[in-house]
file protein17.csv (CSV, C-alpha atoms)
chain,number,residue,atom,x,y,z
Q,624,MET,CA,74.8,89.5,88.9
Q,625,ALA,CA,78.1,90.6,90.5
Q,626,TYR,CA,81.4,89.0,91.1
Q,627,ASN,CA,81.4,85.9,93.3
Q,628,PHE,CA,84.4,85.8,95.7
Q,629,THR,CA,83.4,82.5,97.5
Q,630,ASN,CA,86.5,80.7,96.2
Q,631,VAL,CA,88.9,83.7,96.3
Q,632,ASN,CA,91.4,84.1,99.0
Q,633,VAL,CA,92.9,87.5,99.7
Q,634,LEU,CA,96.1,88.2,101.7
Q,635,VAL,CA,96.3,91.7,103.2
Q,636,VAL,CA,99.7,92.7,104.3
Q,637,GLU,CA,99.6,95.8,106.5
Q,638,SER,CA,101.7,97.8,109.0
Q,639,SER,CA,99.1,97.6,111.8
Q,640,ALA,CA,96.2,95.6,113.0
Q,641,GLU,CA,93.9,98.7,112.7
Q,642,MET,CA,94.7,99.1,109.0
Q,643,TYR,CA,94.1,95.4,108.4
Q,644,LYS,CA,90.8,95.7,110.2
Q,645,LEU,CA,89.8,98.6,108.0
Q,646,PHE,CA,90.8,96.7,104.8
Q,647,LYS,CA,88.9,93.6,106.0
Q,648,SER,CA,85.7,95.6,106.6
Q,649,VAL,CA,85.9,97.2,103.2
Q,650,LEU,CA,86.6,94.0,101.4
Q,651,ALA,CA,83.8,92.2,103.2
Q,652,MET,CA,81.4,94.9,102.0
Q,653,LEU,CA,82.7,94.3,98.5
Q,654,SER,CA,81.4,90.7,99.0
Q,655,VAL,CA,84.7,89.0,99.8
Q,656,PRO,CA,83.8,86.5,102.6
Q,657,GLU,CA,85.6,87.4,105.9
Q,658,LYS,CA,86.9,83.9,106.3
Q,659,ASN,CA,88.8,84.3,102.9
Q,660,ILE,CA,90.7,87.4,104.1
Q,661,GLU,CA,93.9,86.7,105.9
Q,662,SER,CA,96.4,89.1,107.5
Q,663,ALA,CA,100.2,89.4,107.6
Q,664,PHE,CA,102.2,92.1,109.2
Q,665,SER,CA,105.7,91.5,107.8
Q,666,TYR,CA,107.0,90.4,104.4
Q,667,GLU,CA,108.3,87.2,106.0
Q,668,GLU,CA,105.0,86.3,107.5
Q,669,ALA,CA,103.2,87.2,104.2
Q,670,PHE,CA,105.4,85.1,102.0
Q,671,GLU,CA,105.1,82.1,104.4
Q,672,LYS,CA,101.3,82.4,104.4
Q,673,PHE,CA,101.3,82.8,100.6
Q,674,ARG,CA,103.4,79.7,100.2
Q,675,LYS,CA,100.9,77.7,102.2
Q,676,LYS,CA,97.6,79.1,101.0
Q,677,LYS,CA,98.4,80.4,97.5
Q,678,HIS,CA,96.1,83.4,97.8
Q,679,ASP,CA,94.4,84.7,94.7
Q,680,ILE,CA,95.0,88.4,95.4
Q,681,ILE,CA,97.7,90.1,97.5
Q,682,ILE,CA,97.2,93.6,98.8
Q,683,THR,CA,100.4,94.8,100.4
Q,684,ASP,CA,101.4,98.0,102.0
Q,685,TRP,CA,104.8,99.6,101.1
Q,686,LEU,CA,105.8,98.5,104.6
Q,687,GLN,CA,108.7,99.9,106.6
Q,688,ASN,CA,112.4,99.1,107.1
Q,689,PRO,CA,112.4,100.8,104.5
Q,690,ASP,CA,110.5,99.0,101.7
Q,691,HIS,CA,109.6,95.5,102.7
Q,692,GLY,CA,106.5,95.6,100.4
Q,693,ILE,CA,108.9,95.8,97.5
Q,694,LYS,CA,111.0,92.9,98.9
Q,695,LEU,CA,107.8,90.8,99.2
Q,696,THR,CA,106.8,91.5,95.6
Q,697,LYS,CA,110.2,90.5,94.4
Q,698,MET,CA,110.1,87.3,96.4
Q,699,ILE,CA,106.7,86.5,94.9
Q,700,ARG,CA,107.9,87.2,91.3
Q,701,ASN,CA,111.4,85.8,91.5
Q,702,GLY,CA,111.5,83.5,94.4
Q,703,GLN,CA,112.2,79.8,93.7
Q,704,ASN,CA,109.7,79.0,96.5
Q,705,SER,CA,107.0,81.2,95.2
Q,706,PRO,CA,103.8,79.1,94.5
Q,707,ASN,CA,102.4,81.5,91.9
Q,708,ILE,CA,104.7,84.2,90.3
Q,709,TYR,CA,101.7,85.5,88.4
Q,710,VAL,CA,99.5,86.3,91.4
Q,711,PRO,CA,98.0,89.9,91.3
Q,712,VAL,CA,99.8,92.2,93.7
Q,713,ILE,CA,98.2,95.5,94.6
Q,714,MET,CA,100.6,97.8,96.4
Q,715,THR,CA,99.3,100.5,98.7
Q,716,ALA,CA,101.4,103.4,100.0
Q,717,GLY,CA,101.1,106.8,101.6
Q,718,SER,CA,102.8,108.5,98.7
Q,719,GLY,CA,102.2,108.6,95.0
Q,720,HIS,CA,105.6,110.2,94.2
Q,721,PHE,CA,106.8,109.3,90.8
Q,722,ASN,CA,110.0,107.6,91.9
Q,723,ARG,CA,108.1,105.5,94.4
Q,724,VAL,CA,105.6,104.4,91.8
Q,725,ILE,CA,108.4,103.5,89.4
Q,726,LYS,CA,110.2,101.5,92.1
Q,727,ALA,CA,107.0,99.6,92.9
Q,728,ARG,CA,106.4,99.0,89.2
Q,729,ASP,CA,109.9,97.7,88.6
Q,730,SER,CA,109.5,95.3,91.5
Q,731,GLY,CA,106.6,93.6,89.6
Q,732,ILE,CA,103.4,95.0,91.1
Q,733,SER,CA,100.1,94.7,89.2
Q,734,GLU,CA,98.5,97.9,90.6
Q,735,TYR,CA,99.4,100.8,92.8
Q,736,LEU,CA,96.9,102.4,95.2
Q,737,VAL,CA,97.7,105.7,97.1
Q,738,LYS,CA,96.4,105.9,100.6
Q,739,PRO,CA,94.1,107.4,101.9
Q,740,PHE,CA,91.9,105.5,99.4
Q,741,SER,CA,88.2,105.2,98.7
Q,742,ALA,CA,86.2,102.1,98.3
Q,743,ASP,CA,85.7,103.0,94.6
Q,744,SER,CA,89.5,103.3,94.0
Q,745,LEU,CA,90.1,99.9,95.6
Q,746,SER,CA,87.4,98.3,93.6
Q,747,VAL,CA,88.8,99.7,90.4
Q,748,ARG,CA,92.2,98.2,91.1
Q,749,ILE,CA,90.6,94.8,91.9
Q,750,MET,CA,88.5,95.0,88.7
Q,751,ARG,CA,91.6,95.7,86.7
Q,752,VAL,CA,93.5,92.7,87.9
Q,753,ILE,CA,90.4,90.6,87.1
Q,754,GLU,CA,89.4,92.0,83.8
Q,755,LYS,CA,92.6,93.4,82.3
Q,756,PRO,CA,95.6,91.4,83.6
Q,757,ARG,CA,98.7,92.5,81.7
Q,758,PRO,CA,100.9,89.8,80.1
Q,759,PHE,CA,104.0,88.8,82.0
Q,760,VAL,CA,107.5,89.7,81.0
Q,761,VAL,CA,110.0,87.1,82.1
Q,762,SER,CA,113.7,88.1,81.6
Q,763,ASP,CA,116.9,88.0,83.6
Q,764,ALA,CA,116.4,91.6,84.7
Q,765,TYR,CA,112.6,91.7,85.3
Q,766,LYS,CA,109.8,89.4,86.1
Q,767,GLY,CA,106.3,90.8,86.3
Q,768,PRO,CA,103.4,92.4,84.5
Q,769,ASP,CA,104.3,94.2,81.3
Q,770,ARG,CA,105.3,97.7,82.5
Q,771,ARG,CA,104.0,99.4,79.4
Q,772,VAL,CA,100.4,100.2,80.2
Q,773,ARG,CA,99.7,102.5,77.3
Q,774,ASP,CA,99.9,101.9,73.5
Q,775,ILE,CA,101.9,104.8,72.1
Q,776,ASP,CA,102.4,105.1,68.4
Q,777,PHE,CA,106.3,105.1,68.3
Q,778,LYS,CA,107.7,106.8,65.2
Q,779,GLY,CA,111.4,106.2,65.8
Q,780,GLU,CA,113.8,103.5,64.7
Q,781,ASN,CA,113.1,100.0,66.1
Q,782,ARG,CA,116.3,99.1,67.9
Q,783,ARG,CA,114.9,95.8,69.2
Q,784,THR,CA,116.7,93.0,67.3
Q,785,GLU,CA,115.1,90.1,69.0
Q,786,LYS,CA,111.5,89.1,68.8
Q,787,TYR,CA,109.7,88.3,72.0
Q,788,GLU,CA,108.7,84.7,72.4
Q,789,ILE,CA,105.1,84.6,73.5
Q,790,GLU,CA,103.9,81.7,75.6
Q,791,HIS,CA,100.2,81.1,76.5
Q,792,LEU,CA,99.7,79.1,79.7
D,358,MET,CA,116.1,86.7,75.9
D,359,ALA,CA,112.9,88.1,77.3
D,360,LYS,CA,109.8,86.0,77.1
D,361,VAL,CA,106.2,87.2,77.2
D,362,VAL,CA,103.9,84.9,79.1
D,363,VAL,CA,100.1,85.1,79.0
D,364,PRO,CA,99.0,83.2,82.2
D,365,LYS,CA,95.6,81.7,82.5
D,366,ASN,CA,93.2,84.1,84.1
D,367,ALA,CA,92.4,81.9,87.1
D,368,LEU,CA,91.0,84.8,89.1
D,369,LYS,CA,88.5,85.7,86.4
D,370,ALA,CA,87.4,82.1,86.2
D,371,LYS,CA,86.7,82.1,89.9
D,372,VAL,CA,84.8,85.4,90.2
D,373,GLY,CA,82.8,85.3,87.0
D,374,ASN,CA,81.3,88.4,85.5
D,375,GLY,CA,79.4,91.4,86.7
D,376,GLY,CA,81.9,93.5,88.5
D,377,PHE,CA,81.0,95.2,91.8
D,378,SER,CA,77.5,96.5,92.4
D,379,LYS,CA,77.2,100.2,93.2
D,380,GLU,CA,75.3,99.2,96.3
D,381,ASN,CA,78.3,97.2,97.6
D,382,ILE,CA,80.8,100.0,96.8
D,383,ASP,CA,78.6,102.4,98.7
D,384,LYS,CA,78.5,100.0,101.6
D,385,ALA,CA,82.2,99.6,101.5
D,386,GLN,CA,82.7,103.4,101.5
D,387,LYS,CA,80.4,103.6,104.5
D,388,ALA,CA,82.5,101.0,106.3
D,389,LEU,CA,85.6,103.0,105.5
D,390,GLU,CA,84.1,106.3,106.7
D,391,GLN,CA,82.3,105.0,109.8
D,392,ASN,CA,85.2,103.0,111.4
D,393,ASP,CA,85.5,103.7,115.1
D,394,ILE,CA,89.3,103.3,115.4
D,395,ASP,CA,91.0,105.7,117.7
D,396,PHE,CA,93.8,107.1,115.7
D,397,ARG,CA,95.6,109.0,118.5
D,398,PRO,CA,97.6,106.1,120.0
D,399,ILE,CA,98.5,104.9,116.5
D,400,ALA,CA,99.6,108.3,115.4
D,401,GLY,CA,101.5,108.8,118.7
D,402,LYS,CA,103.4,105.6,118.0
D,403,TYR,CA,104.5,106.8,114.6
D,404,LEU,CA,105.4,110.3,116.0
D,405,ASP,CA,107.5,108.6,118.7
D,406,GLU,CA,109.3,106.6,116.0
D,407,ILE,CA,110.1,109.8,114.0
D,408,THR,CA,111.3,111.5,117.2
D,409,THR,CA,113.6,108.6,118.0
D,410,ILE,CA,115.1,108.5,114.5
D,411,VAL,CA,115.7,112.3,114.6
D,412,ALA,CA,117.2,112.0,118.1
D,413,ASN,CA,119.5,109.2,117.0
D,414,HIS,CA,120.4,110.8,113.7
D,415,ASP,CA,123.9,109.9,112.6
D,416,PRO,CA,125.3,112.8,110.3
D,417,ALA,CA,127.3,110.1,108.5
D,418,LYS,CA,124.2,108.4,107.4
D,419,PRO,CA,121.8,111.2,106.1
D,420,LYS,CA,120.2,108.9,103.5
D,421,GLU,CA,119.3,106.2,106.1
D,422,THR,CA,117.7,108.9,108.4
D,423,LEU,CA,115.6,110.2,105.5
D,424,LEU,CA,114.3,106.7,104.6
D,425,GLY,CA,113.7,106.0,108.3
D,426,VAL,CA,111.5,109.1,108.8
D,427,LEU,CA,109.7,108.8,105.5
D,428,ASP,CA,108.1,105.4,106.5
D,429,PRO,CA,106.2,106.6,109.6
D,430,LEU,CA,105.4,109.9,107.8
D,431,MET,CA,103.8,108.0,104.9
D,432,GLN,CA,101.8,106.0,107.4
D,433,LEU,CA,100.6,109.1,109.1
D,434,ARG,CA,99.7,110.6,105.7
D,435,ALA,CA,97.9,107.5,104.6
D,436,GLN,CA,96.1,106.7,107.8
D,437,GLY,CA,95.1,110.2,109.0
D,438,THR,CA,92.1,110.6,106.7
D,439,LEU,CA,91.2,107.0,107.0
D,440,PHE,CA,90.9,107.3,110.8
D,441,HIS,CA,89.1,110.7,110.8
D,442,TYR,CA,92.2,113.0,111.0
D,443,PRO,CA,92.3,114.6,107.5
D,444,SER,CA,94.1,117.4,109.3
D,445,LEU,CA,97.1,115.1,109.9
D,446,THR,CA,97.0,113.8,106.4
D,447,MET,CA,97.2,117.4,105.1
D,448,VAL,CA,100.3,118.4,107.1
D,449,SER,CA,101.9,115.0,106.5
D,450,ASP,CA,101.3,115.4,102.8
D,451,ILE,CA,103.4,118.6,102.8
D,452,ILE,CA,106.4,117.0,104.5
D,453,VAL,CA,106.2,113.7,102.6
D,454,ASP,CA,106.0,115.6,99.3
D,455,PHE,CA,109.0,117.7,100.4
D,456,LEU,CA,111.1,114.8,101.6
D,457,ASP,CA,110.3,112.6,98.5
D,458,PHE,CA,112.2,115.2,96.5
D,459,HIS,CA,115.4,115.0,98.6
D,460,GLU,CA,117.9,112.2,98.9
D,461,LYS,CA,119.4,112.9,102.3
D,462,ILE,CA,118.9,114.9,105.4
D,463,ASP,CA,120.8,117.9,106.6
D,464,ASP,CA,120.4,120.2,109.6
D,465,ARG,CA,117.8,122.5,108.0
D,466,ILE,CA,115.7,119.5,106.9
D,467,MET,CA,116.0,118.2,110.5
D,468,GLU,CA,114.6,121.5,111.7
D,469,ILE,CA,111.6,121.2,109.4
D,470,ILE,CA,111.0,117.7,110.6
D,471,SER,CA,111.1,118.8,114.2
D,472,ALA,CA,108.6,121.5,113.3
D,473,TYR,CA,106.4,118.9,111.8
D,474,ILE,CA,106.6,116.7,114.9
D,475,LYS,CA,105.5,119.7,117.1
D,476,THR,CA,102.7,120.5,114.6
D,477,ALA,CA,101.4,116.9,114.4
D,478,GLY,CA,101.6,116.6,118.2
D,479,LEU,CA,99.5,119.8,118.6
D,480,ILE,CA,96.9,118.5,116.1
D,481,LEU,CA,96.5,115.3,118.0
D,482,GLY,CA,96.7,116.9,121.5
D,483,ARG,CA,93.9,119.4,120.6
D,484,GLU,CA,92.0,116.8,118.6
D,485,ILE,CA,91.9,118.9,115.5
D,486,LYS,CA,90.4,116.6,113.0
D,487,LYS,CA,89.2,118.8,110.1
D,488,ALA,CA,91.7,120.0,107.5
D,489,GLU,CA,89.6,123.2,107.2
D,490,ASN,CA,90.2,124.1,110.8
D,491,PRO,CA,91.9,127.5,110.9
D,492,ILE,CA,94.6,126.4,113.3
D,493,CYS,CA,95.4,123.4,111.1
D,494,LYS,CA,95.5,125.6,108.0
D,495,ALA,CA,97.9,128.0,109.8
D,496,PHE,CA,100.1,125.1,110.8
D,497,ALA,CA,100.1,123.8,107.2
D,498,SER,CA,100.8,127.2,105.8
D,499,GLU,CA,103.8,127.6,108.1
D,500,LEU,CA,105.2,124.2,107.3
D,501,ARG,CA,104.7,124.7,103.5
D,502,ALA,CA,106.5,128.1,103.8
D,503,ALA,CA,109.5,126.4,105.6
D,504,CYS,CA,109.7,123.8,102.9
D,505,ASP,CA,109.5,126.4,100.2
D,506,ARG,CA,112.2,128.5,101.9
D,507,TYR,CA,114.5,125.5,101.9
D,508,ASN,CA,113.8,124.6,98.3
D,509,ASN,CA,114.4,128.2,97.2
D,510,LYS,CA,117.7,128.5,99.0
D,511,SER,CA,118.8,125.2,97.6
D,512,LYS,CA,118.2,126.3,94.0

call {"tool": "encode", "arguments": {"input": "protein17.csv", "output": "structure tokens"}}
result
Amino acid sequence: MAYNFTNVNVLVVESSAEMYKLFKSVLAMLSVPEKNIESAFSYEEAFEKFRKKKHDIIITDWLQNPDHGIKLTKMIRNGQNSPNIYVPVIMTAGSGHFNRVIKARDSGISEYLVKPFSADSLSVRIMRVIEKPRPFVVSDAYKGPDRRVRDIDFKGENRRTEKYEIEHL
Amino acid sequence: MAKVVVPKNALKAKVGNGGFSKENIDKAQKALEQNDIDFRPIAGKYLDEITTIVANHDPAKPKETLLGVLDPLMQLRAQGTLFHYPSLTMVSDIIVDFLDFHEKIDDRIMEIISAYIKTAGLILGREIKKAENPICKAFASELRAACDRYNNKSK
């Protein structure tokens, strides 16, 4: 038995109709019903559609001008009008440069996918947001998945004076 | 104070168990590889955009110009291979990688970008799709050498 996407809505935010068409065909082959896949071509359109439909997964390009994908992610995570600040956001971009990945991570993305991508790499990102969603950190400075993805044995002094409050929803 | 929230995994509840079947992943990869989208008009649009930004470059705003050209360059890098032009991804990769390490544009970088525009235009014009094509390899090598020369002089 495999995943059942019958009740899952996916919003694909892309820079062009051709890229959206490509994503749609790949997602359809991964068993996401075509009627559940919606397009948006700007951060404004994407946020408006997300507000109305409350998609379960958002796949957004970095987008131009110069980084509207980042803006969209921040609106989803911080916006007062965001219908679900915890929605998984998979960001795609034509560069995996360290600074770019850090910028995306700090905006609150769940996963980062460098394009050109393979079907396998996309399915791995989707599986991660399903099977291993990271807890959310909510603070004045940052709202989004915990940015620490690895457990490192830290031997230094613990300078953190406050304990995190953990809330299970 | 920061708070850690563990949201309900609504997505998992909807999709259930089992992951993706290998068969579906293979089918998806096939869909990716066998798309029949003509990339040349799309790439042409991005190249025009870069050309316009370069032509309208304001020396007082070198950072803005850099960010402006990086966007369409990233799209060309991303989409080249997806739309059967790994050649274009290869040469775009060189320039994106180079520009990602710089914060602003100067005259020498502008020359390198202009060389890239010519190279990408030739690749599209001659419909050179494979990255292994000797002409494409020669273009890539020239471009990489220009980027290396700039980086070495800047050290």

call {"tool": "interface_residues", "arguments": {"input": "protein17.csv", "of": "chain Q", "to": "chain D", "cutoff": "7 Å", "atoms": "all atoms listed in the file", "output": "number ranges by chain"}}
result
Q: 624-628, 630-631, 645, 648-649, 652-653, 679, 687, 689, 717-718, 720, 738-739, 741-743, 750, 753-754, 758-762, 787-792

call {"tool": "atom_distance", "arguments": {"input": "protein17.csv", "atom1": "atom CA of Q:Thr696", "atom2": "atom CA of D:Thr409"}}
result
29.0 Å

call {"tool": "atom_distance", "arguments": {"input": "protein17.csv", "atom1": "atom CA of Q:Ser744", "atom2": "atom CA of Q:Asp690"}}
result
22.8 Å

call {"tool": "atom_distance", "arguments": {"input": "protein17.csv", "atom1": "atom CA of Q:Arg770", "atom2": "atom CA of Q:Lys676"}}
result
27.3 Å

call {"tool": "residues_around", "arguments": {"input": "protein17.csv", "residues": "Q:Lys672", "least_positions_apart": "5", "cutoff": "9 Å", "atoms": "all atoms listed in the file", "output": "list in words"}}
result
Leu634, Glu661, Ser662, Ala663, Glu667, Lys677 and His678 of chain Q

call {"tool": "closest_residue", "arguments": {"input": "protein17.csv", "among": "Q:Arg748, Q:Lys647, Q:Arg674, Q:Arg757", "to": "Q:Asp769", "atoms": "all atoms listed in the file"}}
result
Q:Arg757

call {"tool": "residues_around", "arguments": {"input": "protein17.csv", "residues": "D:Ser511", "least_positions_apart": "2", "cutoff": "12 Å", "atoms": "all atoms listed in the file", "output": "short mmCIF file (atom, residue, chain, number, x, y, z; two decimals) with C-alpha atoms, in the frame of the given file"}}
result
data_model
loop_
_atom_site.label_atom_id
_atom_site.label_comp_id
_atom_site.auth_asym_id
_atom_site.auth_seq_id
_atom_site.Cartn_x
_atom_site.Cartn_y
_atom_site.Cartn_z
CA HIS D 459 115.40 115.00 98.60
CA ASP D 463 120.80 117.90 106.60
CA ARG D 465 117.80 122.50 108.00
CA ILE D 466 115.70 119.50 106.90
CA CYS D 504 109.70 123.80 102.90
CA ASP D 505 109.50 126.40 100.20
CA ARG D 506 112.20 128.50 101.90
CA TYR D 507 114.50 125.50 101.90
CA ASN D 508 113.80 124.60 98.30
CA ASN D 509 114.40 128.20 97.20
#

call {"tool": "closest_residue", "arguments": {"input": "protein17.csv", "among": "Q:Arg771, Q:Lys778, Q:Lys658, Q:Lys766", "to": "Q:Gly702", "atoms": "only C-alpha atoms"}}
result
Q:Lys766

call {"tool": "residues_near_point", "arguments": {"input": "protein17.csv", "point": "(88.6, 115.7, 108.1)", "cutoff": "7 Å", "atoms": "all atoms listed in the file", "output": "JSON, numbers by chain"}}
result
{"D": [438, 441, 442, 443, 444, 486, 487, 488]}

call {"tool": "closest_residue", "arguments": {"input": "protein17.csv", "among": "D:Phe455, D:Leu445, D:Glu460, D:Ala497", "to": "D:Lys418", "atoms": "all atoms listed in the file"}}
result
D:Glu460
